[in-house]
$ cat my_file.txt   # compact mmCIF, C-alpha atoms
# COMPACT_ATOMS: atom_id res chain seq x y z
CA MET A 1 -6.74 57.21 116.61
CA LYS A 2 -7.28 53.58 117.64
CA ASN A 3 -4.22 52.50 115.60
CA LYS A 4 -2.05 55.09 117.32
CA LEU A 5 -3.24 54.04 120.78
CA ALA A 6 -2.61 50.40 119.88
CA ALA A 7 0.93 51.28 118.70
CA PHE A 8 1.57 53.20 121.92
CA ALA A 9 0.33 50.29 124.08
CA THR A 10 2.38 47.78 122.06
CA GLY A 11 5.54 49.88 122.38
CA THR A 12 5.07 50.21 126.13
CA LEU A 13 4.50 46.46 126.49
CA LEU A 14 7.63 45.71 124.44
CA MET A 15 9.73 48.02 126.62
CA PHE A 16 8.38 46.29 129.74
CA SER A 17 9.10 42.82 128.29
CA ALA A 18 12.64 43.69 127.20
CA THR A 19 13.43 45.09 130.64
CA GLN A 20 12.11 41.97 132.36
CA LEU A 21 14.17 39.65 130.14
CA SER A 22 17.53 41.29 130.86
CA ALA A 23 20.44 39.19 132.07
CA ALA A 24 21.55 38.96 135.70
CA GLU A 25 22.48 42.38 136.97
CA GLN A 26 25.15 43.76 139.25
CA LYS A 27 23.06 46.69 140.53
CA PRO A 28 19.32 46.80 141.30
CA ARG A 29 16.91 47.83 138.58
CA TYR A 30 14.02 50.08 139.53
CA MET A 31 10.55 50.61 138.21
CA TYR A 32 9.20 54.12 138.67
CA VAL A 33 6.03 56.13 138.25
CA GLY A 34 5.97 59.88 137.97
CA ILE A 35 3.61 62.78 137.93
CA GLY A 36 4.35 66.34 136.97
CA TYR A 37 3.81 69.24 134.60
CA ALA A 38 4.51 69.56 130.90
CA TYR A 39 4.95 72.73 128.88
CA ILE A 40 4.23 71.75 125.28
CA ASP A 41 4.89 74.32 122.54
CA ASP A 42 2.90 73.15 119.52
CA ILE A 43 2.95 75.05 116.22
CA ILE A 44 -0.83 75.54 116.49
CA GLN A 45 -1.35 75.96 120.24
CA ASN A 46 0.32 75.64 123.62
CA ASN A 47 -0.90 72.56 125.46
CA ASN A 48 0.37 72.82 128.99
CA GLY A 49 -0.91 70.28 131.46
CA ALA A 50 -0.32 67.27 133.64
CA VAL A 51 2.08 64.50 132.67
CA ILE A 52 2.27 60.96 134.01
CA SER A 53 5.00 58.42 133.35
CA ILE A 54 5.89 54.83 134.04
CA GLY A 55 9.29 53.33 133.37
CA PHE A 56 12.21 51.13 134.25
CA GLU A 57 15.81 52.12 134.84
CA TYR A 58 19.13 50.43 135.39
CA LYS A 59 21.87 52.30 137.23
CA GLY A 60 25.34 50.87 136.82
CA GLU A 61 28.56 52.35 138.12
CA ASN A 62 28.68 54.92 135.31
CA LEU A 63 25.99 53.69 132.88
CA TYR A 64 22.33 54.62 133.02
CA LEU A 65 19.68 52.85 130.89
CA GLY A 66 16.01 53.74 130.97
CA ALA A 67 12.78 52.93 129.17
CA CYS A 68 9.54 54.74 129.89
CA ALA A 69 6.23 55.96 128.53
CA TYR A 70 4.73 59.43 128.95
CA TYR A 71 1.15 60.60 128.67
CA SER A 72 0.51 64.33 128.80
CA GLY A 73 -1.83 67.06 127.64
CA ASN A 74 -4.29 69.66 128.77
CA ASP A 75 -7.43 67.60 128.16
CA ILE A 76 -8.53 64.26 126.79
CA GLU A 77 -9.05 65.70 123.29
CA ASN A 78 -5.46 66.83 122.80
CA VAL A 79 -2.87 64.46 124.25
CA TYR A 80 0.76 63.55 123.68
CA MET A 81 2.09 60.03 124.24
CA ALA A 82 5.69 58.89 123.91
CA PRO A 83 7.41 55.56 124.56
CA GLU A 84 11.03 56.54 125.13
CA ALA A 85 14.53 55.06 125.45
CA GLN A 86 17.16 56.78 127.62
CA LEU A 87 20.94 56.38 127.72
CA GLY A 88 22.99 58.33 130.20
CA TYR A 89 25.96 58.81 132.49
CA MET A 90 25.82 58.52 136.28
CA LEU A 91 27.51 61.62 137.72
CA ASN A 92 27.28 60.08 141.20
CA LYS A 93 24.92 57.66 142.95
CA ASP A 94 22.14 60.27 143.00
CA ALA A 95 22.51 62.19 139.72
CA VAL A 96 22.33 61.21 136.05
CA VAL A 97 22.34 63.10 132.77
CA TYR A 98 20.77 61.32 129.80
CA GLY A 99 19.85 61.60 126.17
CA LEU A 100 16.48 60.38 124.95
CA LEU A 101 14.94 59.06 121.77
CA SER A 102 11.17 58.64 121.53
CA TYR A 103 8.30 57.78 119.22
CA ASN A 104 5.70 60.50 119.76
CA ILE A 105 1.99 60.28 119.11
CA GLN A 106 -0.17 63.37 119.18
CA ALA A 107 -3.90 62.68 119.31
CA ASN A 108 -5.87 65.81 118.52
CA ASP A 109 -9.63 65.83 117.98
CA SER A 110 -9.62 69.37 116.57
CA PHE A 111 -9.32 70.34 112.90
CA ALA A 112 -5.57 69.67 112.99
CA GLY A 113 -5.93 65.90 113.37
CA ASP A 114 -3.50 63.29 114.67
CA SER A 115 0.24 63.12 113.99
CA ASP A 116 3.25 61.03 114.93
CA GLY A 117 7.01 61.23 114.69
CA ILE A 118 10.44 60.86 116.26
CA GLY A 119 11.55 62.92 119.24
CA TYR A 120 14.97 63.53 120.76
CA GLY A 121 16.24 65.46 123.72
CA ALA A 122 18.03 65.37 127.04
CA GLY A 123 17.25 65.19 130.71
CA VAL A 124 18.58 65.22 134.25
CA LYS A 125 17.48 63.00 137.13
CA TYR A 126 18.35 63.53 140.76
CA GLN A 127 17.45 61.26 143.70
CA LEU A 128 15.95 63.64 146.28
CA PHE A 129 15.12 61.05 148.96
CA GLU A 130 15.40 57.28 149.24
CA ASP A 131 12.18 56.64 147.30
CA PHE A 132 11.62 59.91 145.41
CA GLY A 133 13.50 61.57 142.57
CA LEU A 134 13.24 64.64 140.35
CA ASN A 135 13.27 64.31 136.55
CA ILE A 136 13.59 67.34 134.26
CA ASN A 137 13.71 66.80 130.51
CA TYR A 138 13.33 68.59 127.20
CA ARG A 139 12.45 67.14 123.81
CA GLN A 140 11.83 68.21 120.24
CA ALA A 141 9.62 66.09 118.03
CA THR A 142 9.39 66.08 114.26
CA MET A 143 5.78 65.13 113.59
CA THR A 144 4.06 63.91 110.42
CA PRO A 145 0.35 64.70 110.33
CA VAL A 146 -2.10 61.96 109.38
CA LEU A 147 -4.06 64.56 107.42
CA SER A 148 -2.24 67.18 105.35
CA MET A 149 -2.84 70.01 107.79
CA GLY A 150 0.71 71.33 107.89
CA ASP A 151 3.65 71.04 110.25
CA ARG A 152 2.85 69.69 113.74
CA ASP A 153 6.37 69.66 115.21
CA TYR A 154 6.55 70.51 118.88
CA LYS A 155 8.89 71.13 121.79
CA ALA A 156 8.18 69.99 125.33
CA ALA A 157 9.71 70.58 128.74
CA GLN A 158 8.65 68.32 131.60
CA VAL A 159 9.23 68.34 135.35
CA LEU A 160 8.27 65.19 137.25
CA ILE A 161 8.48 63.82 140.76
CA GLU A 162 9.08 60.06 140.53
CA TYR A 163 8.46 57.33 143.06
CA ASN A 164 11.11 54.76 142.28
CA ASN A 165 11.26 51.95 144.80
CA PHE A 166 9.04 49.12 143.56

$ encode --input "my_file.txt" --output "structure tokens"
Amino acid sequence: MKNKLAAFATGTLLMFSATQLSAAEQKPRYMYVGIGYAYIDDIIQNNNGAVISIGFEYKGENLYLGACAYYSGNDIENVYMAPEAQLGYMLNKDAVVYGLLSYNIQANDSFAGDSDGIGYGAGVKYQLFEDFGLNINYRQATMTPVLSMGDRDYKAAQVLIEYNNF
């Protein structure tokens, strides 16, 4: 468990560092934090609950780049964490569609144990107000259990309100 949390923290730090070291930009880059709800369909159980996120995004004329980290779950004993990269297309100045690729960590203190794997999916972001946006995304993750307890793949849908004017 400690190794997985260390990997998650390292991945998040690397995303932050890479974003900060980018070359001069034509458009502003934003940091955002979000809070919302996640529906997580696990092979063993459904783990619906709160989700929080922190990330960085760059909005060009047509190009959207994002890097973020999610933490979600229904309690502290069964959580899902995912550093994630996003690449998308700006439909207009307020709307973007994007694909995502993530490294998912599932920490589970029950008999099923921990697992990790690669996730992929898609999302839509829309700027509701000057400082607040809506993010809806869906992902599938192919998970490899640490213990041989069977398949731990999962699907997740998330809805977040993001504050994005730091």

$ closest_residue --input "my_file.txt" --among "A:Ala156, A:Leu101, A:Tyr71, A:Glu57" --to "Lys125 of chain A" --atoms "all atoms listed in the file"
A:Glu57

$ closest_residue --input "my_file.txt" --among "A:Ile136, A:Ala38, A:Val33, A:Met81" --to "Glu162 of chain A" --atoms "only C-alpha atoms"
A:Val33

$ atom_distance --input "my_file.txt" --atom1 "atom CA of Met90 of chain A" --atom2 "atom CA of Tyr64 of chain A"
6.2 Å

$ closest_residue --input "my_file.txt" --among "A:Leu134, A:Ala141, A:Ile35, A:Ile40" --to "Ile118 of chain A" --atoms "all atoms listed in the file"
A:Ala141

$ closest_residue --input "my_file.txt" --among "A:Asn92, A:Asn104, A:Asn48, A:Thr144" --to "Tyr126 of chain A" --atoms "all atoms listed in the file"
A:Asn92
